[in-house]
>>> print(open('start29.cif').read())   # mmCIF, C-alpha atoms
data_protein
#
loop_
_atom_site.label_atom_id
_atom_site.label_comp_id
_atom_site.auth_asym_id
_atom_site.auth_seq_id
_atom_site.Cartn_x
_atom_site.Cartn_y
_atom_site.Cartn_z
CA MET A 1 0.00 0.00 0.00
CA GLU A 2 1.46 3.34 -1.08
CA SER A 3 1.82 5.82 1.79
CA ILE A 4 0.27 9.24 1.34
CA GLU A 5 1.17 10.66 4.73
CA THR A 6 3.59 13.30 3.45
CA ILE A 7 2.64 14.02 -0.15
CA ASN A 8 1.40 17.44 -1.23
CA GLU A 9 -2.04 18.24 -2.59
CA ASN A 10 -1.18 17.87 -6.29
CA ASP A 11 0.47 14.50 -5.68
CA PHE A 12 -2.55 13.45 -3.68
CA LEU A 13 -4.87 14.33 -6.57
CA ASP A 14 -2.78 12.21 -8.93
CA PHE A 15 -2.79 9.41 -6.39
CA TYR A 16 -6.53 9.73 -5.86
CA ASN A 17 -7.38 9.80 -9.57
CA SER A 18 -5.43 6.59 -10.12
CA ARG A 19 -7.74 4.72 -7.75
CA THR A 20 -11.39 3.73 -7.75
CA TYR A 21 -13.75 4.54 -4.90
CA ASN A 22 -17.39 3.81 -4.18
CA ALA A 23 -18.01 7.54 -4.01
CA ASN A 24 -15.98 10.43 -5.38
CA CYS A 25 -14.51 12.98 -3.04
CA PHE A 26 -13.79 15.14 -6.10
CA ASN A 27 -16.08 16.12 -8.94
CA ASP A 28 -15.16 15.47 -12.58
CA ASP A 29 -13.77 19.00 -12.91
CA GLY A 30 -11.42 18.45 -9.95
CA SER A 31 -13.45 20.48 -7.45
CA LEU A 32 -14.35 19.03 -4.07
CA ASN A 33 -17.62 17.13 -3.86
CA LYS A 34 -19.29 18.79 -0.89
CA ASN A 35 -21.66 15.87 -0.30
CA TYR A 36 -19.13 13.04 -0.04
CA ASN A 37 -19.12 11.31 3.36
CA SER A 38 -20.73 14.36 4.95
CA PHE A 39 -22.77 13.47 8.00
CA LYS A 40 -24.14 16.99 8.25
CA SER A 41 -27.30 17.73 6.28
CA THR A 42 -27.92 21.35 5.36
CA GLY A 43 -30.34 23.08 7.71
CA ILE A 44 -33.37 24.95 6.41
CA ILE A 45 -31.93 28.36 7.26
CA ALA A 46 -28.64 27.60 5.50
CA GLN A 47 -30.68 26.33 2.53
CA VAL A 48 -32.65 29.61 2.40
CA PHE A 49 -29.36 31.52 2.41
CA ASP A 50 -27.94 29.25 -0.30
CA ASP A 51 -31.01 29.69 -2.52
CA HIS A 52 -31.61 33.42 -2.13
CA TRP A 53 -28.62 35.24 -0.64
CA ASP A 54 -26.99 36.36 -3.89
CA SER A 55 -30.19 37.90 -5.27
CA THR A 56 -31.12 39.45 -1.91
CA TYR A 57 -27.66 40.94 -1.48
CA LEU A 58 -27.58 42.29 -5.04
CA ALA A 59 -30.96 43.99 -4.59
CA ASN A 60 -30.10 45.48 -1.18
CA LYS A 61 -26.33 45.82 -1.33
CA HIS A 62 -26.14 49.48 -0.33
CA ILE A 63 -28.26 49.19 2.80
CA ILE A 64 -26.77 45.84 3.86
CA ASP A 65 -23.19 47.09 3.49
CA LEU A 66 -24.08 50.22 5.46
CA TYR A 67 -25.81 48.63 8.44
CA ARG A 68 -24.28 45.14 8.53
CA PRO A 69 -20.99 45.33 6.59
CA ASN A 70 -19.90 41.81 7.60
CA ALA A 71 -23.09 40.22 6.23
CA ASP A 72 -21.83 38.95 2.85
CA LYS A 73 -18.78 37.28 4.37
CA GLU A 74 -20.72 35.74 7.27
CA ILE A 75 -23.55 34.40 5.10
CA HIS A 76 -21.17 32.76 2.64
CA LYS A 77 -19.38 31.14 5.58
CA ILE A 78 -22.71 29.71 6.75
CA ILE A 79 -23.61 28.47 3.26
CA ASN A 80 -20.24 26.72 3.00
CA CYS A 81 -20.10 25.44 6.58
CA TYR A 82 -18.83 21.84 6.59
CA ASN A 83 -19.43 21.39 2.88
CA LYS A 84 -15.69 21.41 2.03
CA ASN A 85 -15.70 24.83 0.32
CA LEU A 86 -14.11 26.21 3.48
CA GLY A 87 -11.48 23.50 3.23
CA CYS A 88 -11.31 20.04 4.70
CA SER A 89 -9.06 17.52 6.39
CA LEU A 90 -8.55 14.24 4.54
CA TYR A 91 -8.19 10.85 6.18
CA GLU A 92 -7.55 7.35 4.87
CA CYS A 93 -8.92 4.14 6.36
CA PRO A 94 -6.02 1.68 6.88
CA ASN A 95 -8.45 -1.23 6.54
CA CYS A 96 -10.67 -0.56 3.51
CA HIS A 97 -8.43 2.23 2.10
CA ASP A 98 -11.34 4.55 1.45
CA ILE A 99 -10.74 8.29 1.65
CA VAL A 100 -12.84 10.32 4.09
CA PHE A 101 -12.75 14.06 4.40
CA ILE A 102 -14.12 16.18 7.22
CA GLY A 103 -15.15 19.67 6.23
CA HIS A 104 -14.08 22.74 8.17
CA THR A 105 -16.85 24.59 9.98
CA CYS A 106 -17.58 28.30 9.63
CA LYS A 107 -17.44 29.06 13.40
CA SER A 108 -20.00 31.82 12.93
CA ARG A 109 -22.33 32.68 15.81
CA PHE A 110 -25.00 33.23 13.15
CA CYS A 111 -24.80 29.60 12.04
CA SER A 112 -27.40 27.30 13.62
CA SER A 113 -24.76 24.57 14.02
CA CYS A 114 -21.64 26.51 15.00
CA GLY A 115 -23.73 28.89 17.09
CA TYR A 116 -24.73 25.97 19.29
CA LYS A 117 -21.05 25.19 19.89
CA TYR A 118 -20.38 28.87 20.65
CA LYS A 119 -23.23 28.81 23.18
CA SER A 120 -21.88 25.66 24.83
CA HIS A 121 -18.44 27.24 25.27
CA ARG A 122 -19.94 30.43 26.70
CA VAL A 123 -22.12 28.47 29.13
CA GLU A 124 -19.09 26.56 30.38
CA SER A 125 -17.06 29.77 30.72
CA VAL A 126 -19.79 31.38 32.85
CA LEU A 127 -20.22 28.25 34.98
CA GLN A 128 -16.48 28.03 35.64
CA THR A 129 -16.47 31.66 36.77
CA ALA A 130 -19.58 31.55 38.99
CA TYR A 131 -19.68 30.93 42.72
CA ASN A 132 -21.86 28.22 44.21
CA CYS A 133 -24.65 30.48 45.45
CA SER A 134 -28.14 31.54 44.43
CA HIS A 135 -28.42 33.73 41.35
CA ARG A 136 -31.34 35.80 40.16
CA GLN A 137 -32.32 36.75 36.63
CA ILE A 138 -33.13 40.41 35.95
CA VAL A 139 -34.28 41.61 32.53
CA PHE A 140 -33.83 45.24 31.46
CA THR A 141 -36.07 46.28 28.58
CA ILE A 142 -36.51 49.50 26.63
CA PRO A 143 -39.70 50.98 25.13
CA SER A 144 -40.38 50.60 21.42
CA GLN A 145 -39.69 54.32 20.84
CA LEU A 146 -36.02 53.76 21.68
CA ARG A 147 -35.29 50.54 19.82
CA SER A 148 -34.24 52.15 16.55
CA TYR A 149 -31.57 54.18 18.38
CA PHE A 150 -29.73 50.95 19.20
CA PHE A 151 -29.77 49.57 15.67
CA PHE A 152 -27.13 51.84 14.15
CA PRO A 153 -24.35 52.63 14.90
CA PHE A 154 -24.64 49.28 16.64
CA GLU A 155 -21.54 48.91 18.82
CA ASP A 156 -21.58 52.42 20.31
CA ARG A 157 -25.27 52.30 21.18
CA ILE A 158 -25.30 48.77 22.58
CA ASN A 159 -22.34 49.70 24.75
CA ILE A 160 -24.51 52.50 26.15
CA LEU A 161 -27.21 49.94 26.97
CA PHE A 162 -24.70 47.74 28.80
CA GLN A 163 -23.37 50.78 30.66
CA ALA A 164 -26.87 51.81 31.75
CA VAL A 165 -27.54 48.32 33.15
CA ARG A 166 -24.20 48.28 34.97
CA ASP A 167 -24.73 51.74 36.46
CA THR A 168 -28.25 50.83 37.55
CA ILE A 169 -27.03 47.80 39.50
CA TYR A 170 -24.25 49.79 41.13
CA SER A 171 -26.68 52.59 42.04
CA ILE A 172 -28.62 50.30 44.37
CA LEU A 173 -25.66 48.21 45.49
CA ASN A 174 -24.95 49.80 48.85
CA GLU A 175 -28.55 50.48 49.71
CA SER A 176 -31.00 48.36 51.65
CA PHE A 177 -34.68 48.80 52.34
CA LYS A 178 -36.49 47.86 55.55
CA LYS A 179 -39.97 48.52 56.79
CA ASN A 180 -40.18 50.48 60.00
CA LYS A 181 -42.74 49.86 62.74
CA LYS A 182 -45.36 51.81 60.76
CA GLY A 183 -44.84 49.57 57.74
CA ILE A 184 -43.14 52.30 55.71
CA LEU A 185 -40.23 51.20 53.56
CA LYS A 186 -37.09 53.16 54.44
CA LYS A 187 -33.77 53.33 52.64
CA TYR A 188 -30.48 52.68 54.44
CA THR A 189 -27.04 53.35 52.99
CA SER A 190 -24.21 50.99 53.95
CA LYS A 191 -20.98 52.38 55.36
CA ILE A 192 -19.14 49.38 53.87
CA LYS A 193 -18.36 49.47 50.16
CA PHE A 194 -19.79 46.30 48.65
CA SER A 195 -19.11 44.72 45.25
CA PRO A 196 -21.68 42.76 43.20
CA GLY A 197 -21.08 39.89 40.80
CA PHE A 198 -23.18 39.47 37.69
CA PHE A 199 -23.17 38.39 34.06
CA ALA A 200 -24.95 40.43 31.38
CA PHE A 201 -26.34 38.81 28.20
CA LEU A 202 -27.54 40.80 25.19
CA HIS A 203 -30.64 39.61 23.33
CA THR A 204 -31.63 41.56 20.22
CA PHE A 205 -34.92 39.95 19.20
CA GLY A 206 -38.33 38.91 20.39
CA ARG A 207 -40.18 35.77 19.39
CA ASP A 208 -41.55 37.44 16.26
CA LEU A 209 -37.96 38.35 15.20
CA LYS A 210 -38.55 42.10 15.51
CA TRP A 211 -35.64 44.29 16.61
CA ASN A 212 -35.98 44.38 20.39
CA PRO A 213 -32.64 44.81 22.19
CA HIS A 214 -32.76 43.97 25.89
CA ILE A 215 -30.34 42.66 28.48
CA HIS A 216 -30.67 39.69 30.80
CA ILE A 217 -28.42 39.55 33.81
CA LEU A 218 -27.69 36.72 36.23
CA ILE A 219 -26.66 38.28 39.50
CA ALA A 220 -25.31 36.52 42.57
CA GLU A 221 -27.59 37.01 45.57
CA LEU A 222 -24.67 38.13 47.71
CA LYS A 223 -22.33 41.08 47.81
CA LEU A 224 -18.75 41.18 49.03
CA GLY A 225 -17.43 44.00 51.20
CA ASP A 226 -14.11 45.80 50.92
CA ASN A 227 -13.45 44.92 54.59
CA GLY A 228 -13.59 41.18 53.95
CA SER A 229 -17.23 40.77 54.92
CA TRP A 230 -20.09 39.48 52.81
CA LYS A 231 -23.85 39.94 52.85
CA LEU A 232 -26.84 38.19 51.31
CA TRP A 233 -28.54 40.27 48.64
CA ASN A 234 -31.92 38.78 47.85
CA PHE A 235 -34.15 41.85 47.94
CA PHE A 236 -34.39 44.02 44.83
CA ASP A 237 -36.72 47.00 44.73
CA TYR A 238 -38.48 46.69 41.35
CA ASP A 239 -39.63 50.33 41.38
CA ALA A 240 -36.13 51.60 42.13
CA LEU A 241 -34.63 49.46 39.37
CA SER A 242 -37.19 50.62 36.80
CA LYS A 243 -36.95 54.33 37.58
CA ARG A 244 -33.18 54.40 37.90
CA PHE A 245 -32.66 52.43 34.71
CA GLN A 246 -34.91 54.89 32.90
CA LYS A 247 -33.11 57.92 34.32
CA ILE A 248 -29.59 56.56 33.73
CA LEU A 249 -30.26 55.30 30.19
CA LEU A 250 -31.97 58.51 29.04
CA ALA A 251 -29.17 60.60 30.56
CA LEU A 252 -26.53 58.58 28.70
CA LEU A 253 -28.44 58.82 25.41
CA SER A 254 -28.99 62.54 25.91
CA LYS A 255 -25.27 63.07 26.45
CA HIS A 256 -24.50 61.00 23.35
CA LEU A 257 -27.17 62.46 21.03
CA GLY A 258 -27.37 66.05 22.22
CA LYS A 259 -30.30 68.47 22.10
CA SER A 260 -32.05 66.58 19.30
CA PHE A 261 -32.98 63.92 21.84
CA SER A 262 -34.50 66.30 24.41
CA LYS A 263 -38.10 66.16 23.20
CA LEU A 264 -38.26 62.37 23.07
CA LYS A 265 -36.53 62.19 26.45
CA ASN A 266 -39.19 64.39 28.06
CA ASP A 267 -41.98 62.48 26.32
CA LEU A 268 -40.64 59.18 27.67
CA PHE A 269 -40.53 60.48 31.23
CA ARG A 270 -44.19 61.50 30.88
CA SER A 271 -45.25 58.28 29.15
CA TYR A 272 -43.45 56.01 31.63
CA PRO A 273 -43.81 57.64 35.06
CA ASN A 274 -42.93 54.35 36.77
CA GLY A 275 -39.78 53.85 34.72
CA PHE A 276 -38.88 51.33 32.03
CA TYR A 277 -39.96 47.76 32.60
CA VAL A 278 -37.44 45.70 34.59
CA TYR A 279 -38.28 42.10 35.42
CA ALA A 280 -36.60 41.12 38.68
CA GLU A 281 -38.88 38.57 40.29
CA PRO A 282 -37.13 35.41 41.51
CA LYS A 283 -37.14 32.88 38.69
CA LYS A 284 -36.62 29.39 39.99
CA PHE A 285 -34.27 27.38 37.81
CA LYS A 286 -33.49 23.74 38.53
CA ASP A 287 -29.88 24.86 39.05
CA ILE A 288 -27.63 27.69 37.91
CA LYS A 289 -26.55 25.70 34.84
CA SER A 290 -30.18 25.72 33.68
CA GLY A 291 -30.33 29.46 34.30
CA VAL A 292 -27.13 30.12 32.36
CA GLU A 293 -28.29 27.95 29.45
CA TYR A 294 -31.65 29.75 29.44
CA VAL A 295 -30.18 33.25 29.07
CA THR A 296 -27.28 32.15 26.85
CA ARG A 297 -29.25 30.18 24.28
CA TYR A 298 -30.06 33.29 22.22
CA CYS A 299 -26.57 34.76 22.47
CA GLY A 300 -24.74 32.50 20.08
CA ARG A 301 -26.98 31.44 17.24
CA VAL A 302 -29.27 32.58 14.46
CA PRO A 303 -32.38 34.29 15.93
CA ILE A 304 -34.76 31.44 15.13
CA SER A 305 -34.41 27.71 15.70
CA GLU A 306 -34.94 25.29 12.82
CA ASN A 307 -37.93 23.64 14.52
CA ARG A 308 -39.90 26.90 14.43
CA ILE A 309 -39.82 26.96 10.62
CA VAL A 310 -43.12 25.39 9.62
CA ASN A 311 -42.55 25.36 5.87
CA TYR A 312 -40.12 26.43 3.18
CA ASP A 313 -41.22 25.82 -0.40
CA GLY A 314 -38.21 27.37 -2.08
CA HIS A 315 -39.75 30.84 -2.22
CA THR A 316 -41.70 31.48 0.99
CA VAL A 317 -40.70 30.84 4.61
CA THR A 318 -43.39 30.24 7.23
CA PHE A 319 -42.38 30.25 10.88
CA SER A 320 -44.26 30.04 14.16
CA TYR A 321 -44.02 31.79 17.52
CA ILE A 322 -45.90 32.12 20.81
CA ASP A 323 -46.73 35.75 21.55
CA HIS A 324 -45.72 36.94 25.02
CA LYS A 325 -48.73 39.23 25.20
CA ASP A 326 -51.53 36.73 24.63
CA SER A 327 -49.63 33.39 24.85
CA ASN A 328 -51.28 32.38 21.57
CA TYR A 329 -49.71 30.46 18.69
CA HIS A 330 -49.02 32.53 15.57
CA GLU A 331 -47.63 31.80 12.13
CA MET A 332 -45.99 34.32 9.83
CA SER A 333 -45.17 33.84 6.14
CA LEU A 334 -42.52 35.91 4.40
CA SER A 335 -40.72 35.81 1.10
CA ALA A 336 -37.30 34.21 1.42
CA SER A 337 -35.67 37.58 0.73
CA ASP A 338 -37.66 39.35 3.47
CA PHE A 339 -36.91 36.51 5.86
CA ILE A 340 -33.17 36.94 5.22
CA LEU A 341 -33.35 40.72 5.74
CA ILE A 342 -35.15 40.23 9.05
CA LEU A 343 -32.48 37.82 10.24
CA LEU A 344 -29.72 40.24 9.20
CA ARG A 345 -30.99 42.80 11.71
CA HIS A 346 -29.56 40.55 14.41
CA LEU A 347 -26.18 39.85 12.84
CA LEU A 348 -23.51 41.07 15.24
CA PRO A 349 -20.09 42.51 14.39
CA TYR A 350 -17.20 40.06 14.47
CA GLN A 351 -15.84 39.52 18.02
CA PHE A 352 -18.48 41.77 19.57
CA LYS A 353 -18.78 40.91 23.28
CA ILE A 354 -22.38 39.79 23.66
CA ILE A 355 -21.78 38.39 27.18
CA ARG A 356 -20.04 40.57 29.76
CA TYR A 357 -18.79 40.03 33.30
CA TYR A 358 -19.06 42.61 36.09
CA GLY A 359 -18.00 43.10 39.70
CA PHE A 360 -16.26 40.21 41.42
CA TYR A 361 -16.94 38.04 38.36
CA LYS A 362 -14.78 40.38 36.27
CA LYS A 363 -12.03 41.04 38.78
CA LYS A 364 -11.21 38.66 41.61
CA HIS A 365 -12.27 39.97 45.01
CA LEU A 366 -10.08 39.66 48.12
CA LEU A 367 -12.57 37.01 49.32
CA HIS A 368 -12.17 34.97 46.13
CA SER A 369 -10.01 32.26 47.71
CA LYS A 370 -12.64 31.74 50.41
CA MET A 371 -15.58 31.41 48.03
CA ILE A 372 -16.86 28.04 46.85
CA PRO A 373 -16.68 27.81 43.03
CA LEU A 374 -19.59 26.27 41.20
CA ILE A 375 -17.23 24.07 39.15
CA LYS A 376 -14.46 22.48 41.16
CA PRO A 377 -10.95 23.22 39.76
CA HIS A 378 -10.02 19.55 39.32
CA SER A 379 -12.91 18.95 36.89
CA ARG A 380 -12.52 22.06 34.72
CA THR A 381 -10.05 20.68 32.19
CA PHE A 382 -12.09 17.53 31.73
CA ARG A 383 -15.33 19.50 31.23
CA LYS A 384 -13.67 21.69 28.60
CA SER A 385 -12.38 18.61 26.77
CA LEU A 386 -15.96 17.40 26.35
CA LEU A 387 -16.62 20.46 24.18
CA LYS A 388 -14.04 19.45 21.59
CA TYR A 389 -15.30 18.30 18.21
CA GLN A 390 -14.59 14.59 18.62
CA HIS A 391 -16.09 14.32 22.10
CA SER A 392 -19.15 16.43 21.31
CA ILE A 393 -19.95 14.25 18.28
CA LEU A 394 -19.51 11.12 20.39
CA LEU A 395 -21.82 12.45 23.09
CA SER A 396 -24.48 13.74 20.69
CA PHE A 397 -24.49 11.12 17.93
CA HIS A 398 -22.71 8.13 19.51
CA ARG A 399 -20.15 7.82 16.74
CA ASP A 400 -16.50 8.77 16.43
CA PRO A 401 -16.04 11.19 13.50
CA TYR A 402 -12.46 9.96 13.10
CA ASN A 403 -13.52 6.36 12.52
CA CYS A 404 -14.23 4.96 9.07
CA PRO A 405 -17.99 5.18 8.35
CA LYS A 406 -17.80 1.77 6.59
CA CYS A 407 -15.70 -0.45 8.85
CA ASP A 408 -15.34 1.71 11.99
CA THR A 409 -11.52 1.53 11.86
CA LYS A 410 -9.54 4.49 13.21
CA LEU A 411 -8.68 6.80 10.30
CA ASN A 412 -5.19 7.99 9.46
CA PHE A 413 -4.68 11.70 8.77
CA VAL A 414 -3.54 12.45 5.19
CA LEU A 415 -3.50 16.17 4.59
CA CYS A 416 -5.44 19.40 5.07
CA ILE A 417 -6.87 21.33 2.12
CA ASN A 418 -7.69 25.02 2.69
#
>>> encode(input="start29.cif", output="structure tokens")
Amino acid sequence: MESIETINENDFLDFYNSRTYNANCFNDDGSLNKNYNSFKSTGIIAQVFDDHWDSTYLANKHIIDLYRPNADKEIHKIINCYNKNLGCSLYECPNCHDIVFIGHTCKSRFCSSCGYKYKSHRVESVLQTAYNCSHRQIVFTIPSQLRSYFFFPFEDRINILFQAVRDTIYSILNESFKKNKKGILKKYTSKIKFSPGFFAFLHTFGRDLKWNPHIHILIAELKLGDNGSWKLWNFFDYDALSKRFQKILLALLSKHLGKSFSKLKNDLFRSYPNGFYVYAEPKKFKDIKSGVEYVTRYCGRVPISENRIVNYDGHTVTFSYIDHKDSNYHEMSLSASDFILILLRHLLPYQFKIIRYYGFYKKKHLLHSKMIPLIKPHSRTFRKSLLKYQHSILLSFHRDPYNCPKCDTKLNFVLCIN
């Protein structure tokens, strides 16, 4: 048997063409056959992109390049994910001598497949940072009148939203509220400077895919003092959170936008006398991992899951959603082009930090060594190894991707084609 361990790509092509296989890993013109030995079937969303992206981009190039300049590159990555156009690694079975190639993935957060892997890594990162204590979910929302302000320029405005959430949490940090003997709630300010610990997660869409930026946070129900003390923090004044978030966010936007924003700012104070809606009621998760997965699931993937797409006939996409307002089932049908444009609203810039750490989760506190971590140090390396490609495929599909699909023999690496 001739060895092909060290030959270059051209020599491999000559070697390959001199042999006969049950299926061709190259087409007649010498290009890679993207369907050969591929265990991944194209998802509906990737198929919609493949069928209609070029025409949609051509018809809307100016506006797409203006608002989402990375769109063309990201969408082509998704279309070519795992289908060998992004390159592939070739392996040979030492038993049956068949050639198997494993396509390179796009690693885009906007890809329904790679986005899931991104989410899994982010979940593990948060879990390995968190302390073993109760956490509460708080959701900061903005009124519909403000949503367009956070669409473009995206990064600057979303950073303002994150800053407003951070400043709101810190504004109530060293305050406590107790009812006096008359039942009146009084505010007390702590002499000790405490630090919070929380994770902030950006979501940009609602169930109907409309542009609706809002931030979920998972906050530890304890705060650590600068004198080495700690204190439980399980009471959050909803009214204070709502009013302060409104005041802080509008002040930041006013500073950023100038006098042109003054009228809308005043109108919003009149329209929302109780502040912007902040959900802070205790939400009971089975455990913190469930809570992290819940708020992270929308942070690393395309805005709609494949199972919500009811039908795609090649021209029209029909998807379903449950409305938060009436809890009723709805279906919406859009042309494939309109469906793509709606999804593009939620495409994020490359390397944009959609999950952020604050307080003692960002910088280790002097009490860090005394805190109990959620994930014990001795198990962290092993848990991370389970996220690698080979192990994740084994866990999900009960097959080793580096074994021959015909005889299950361990494959030998041949070469990498990029």
>>> residues_around(input="start29.cif", residues="Trp53 in chain A", least_positions_apart="3", cutoff="10 Å", atoms="only C-alpha atoms", output="list of chain:residue names")
A:Ala46, A:Gln47, A:Val48, A:Phe49, A:Asp50, A:Thr56, A:Tyr57, A:Leu58, A:Ala59, A:Asp72, A:Ile75, A:His76, A:Ile79, A:Ala336, A:Ser337, A:Ile340, A:Leu341
>>> residues_around(input="start29.cif", residues="range 202-219 of chain A", least_positions_apart="2", cutoff="6 Å", atoms="all atoms listed in the file", output="list in words")
His135, Arg136, Gln137, Ile138, Val139, Phe140, Thr141, Gly197, Phe198, Phe199, Ala200, Tyr321 and Ile354 of chain A
>>> resolve_selection(input="start29.cif", expression="the PyMOL selection byres ((chain A and resi 380-389) around 8)", output="ChimeraX atom specification")
/A:117,120-121,124,128,375-379,390-393
>>> atom_distance(input="start29.cif", atom1="CA of Arg244 in chain A", atom2="CA of Ile169 in chain A")
9.2 Å
>>> residues_around(input="start29.cif", residues="range 171-174 of chain A", least_positions_apart="6", cutoff="7 Å", atoms="only C-alpha atoms", output="ChimeraX atom specification")
/A:189-190,193-194
>>> closest_residue(input="start29.cif", among="A:Thr316, A:Thr409, A:Asn418, A:Asn180", to="Asn95 in chain A", atoms="all atoms listed in the file")
A:Thr409
>>> resolve_selection(input="start29.cif", expression="the PyMOL selection byres ((chain A and resi 82) around 7)", output="number ranges by chain")
A: 80-81, 83-84, 103-105
>>> atom_distance(input="start29.cif", atom1="CA of Tyr170 in chain A", atom2="CA of Leu241 in chain A")
10.5 Å
>>> closest_residue(input="start29.cif", among="A:Pro94, A:Pro153, A:Pro401, A:Pro143", to="Phe269 in chain A", atoms="all atoms listed in the file")
A:Pro143
>>> closest_residue(input="start29.cif", among="A:Tyr118, A:His368, A:Leu374, A:Leu347", to="Asp226 in chain A", atoms="only C-alpha atoms")
A:His368
>>> residues_near_point(input="start29.cif", point="(-27.9, 56.1, 21.7)", cutoff="12 Å", atoms="only C-alpha atoms", output="PyMOL selection string")
chain A and resi 142+145-164+249-258+260-261+265
>>> closest_residue(input="start29.cif", among="A:Lys187, A:Arg166, A:Lys247, A:Arg301", to="Arg122 in chain A", atoms="only C-alpha atoms")
A:Arg301
>>> resolve_selection(input="start29.cif", expression="the PyMOL selection byres ((chain A and resi 417) around 8)", output="list in words")
Glu9, Gly87, Cys88, Ser89, Leu90, Leu415, Cys416 and Asn418 of chain A
>>> closest_residue(input="start29.cif", among="A:Leu232, A:Ile44, A:Val310, A:Val295", to="Ser112 in chain A", atoms="all atoms listed in the file")
A:Ile44
>>> atom_distance(input="start29.cif", atom1="CA of Ile99 in chain A", atom2="CA of Ser396 in chain A")
24.1 Å
>>> residues_around(input="start29.cif", residues="Phe360 in chain A", least_positions_apart="2", cutoff="12 Å", atoms="only C-alpha atoms", output="count of residues only")
27
>>> closest_residue(input="start29.cif", among="A:Tyr277, A:Trp230, A:Tyr298, A:Tyr361", to="Phe201 in chain A", atoms="only C-alpha atoms")
A:Tyr298
>>> axis_aligned_box(input="start29.cif", around="range 385-404 of chain A", padding_each_side="5 Å", output="AutoDock Vina command-line options")
--center_x -18.4 --center_y 12.7 --center_z 17.9 --size_x 22.1 --size_y 25.5 --size_z 27.7
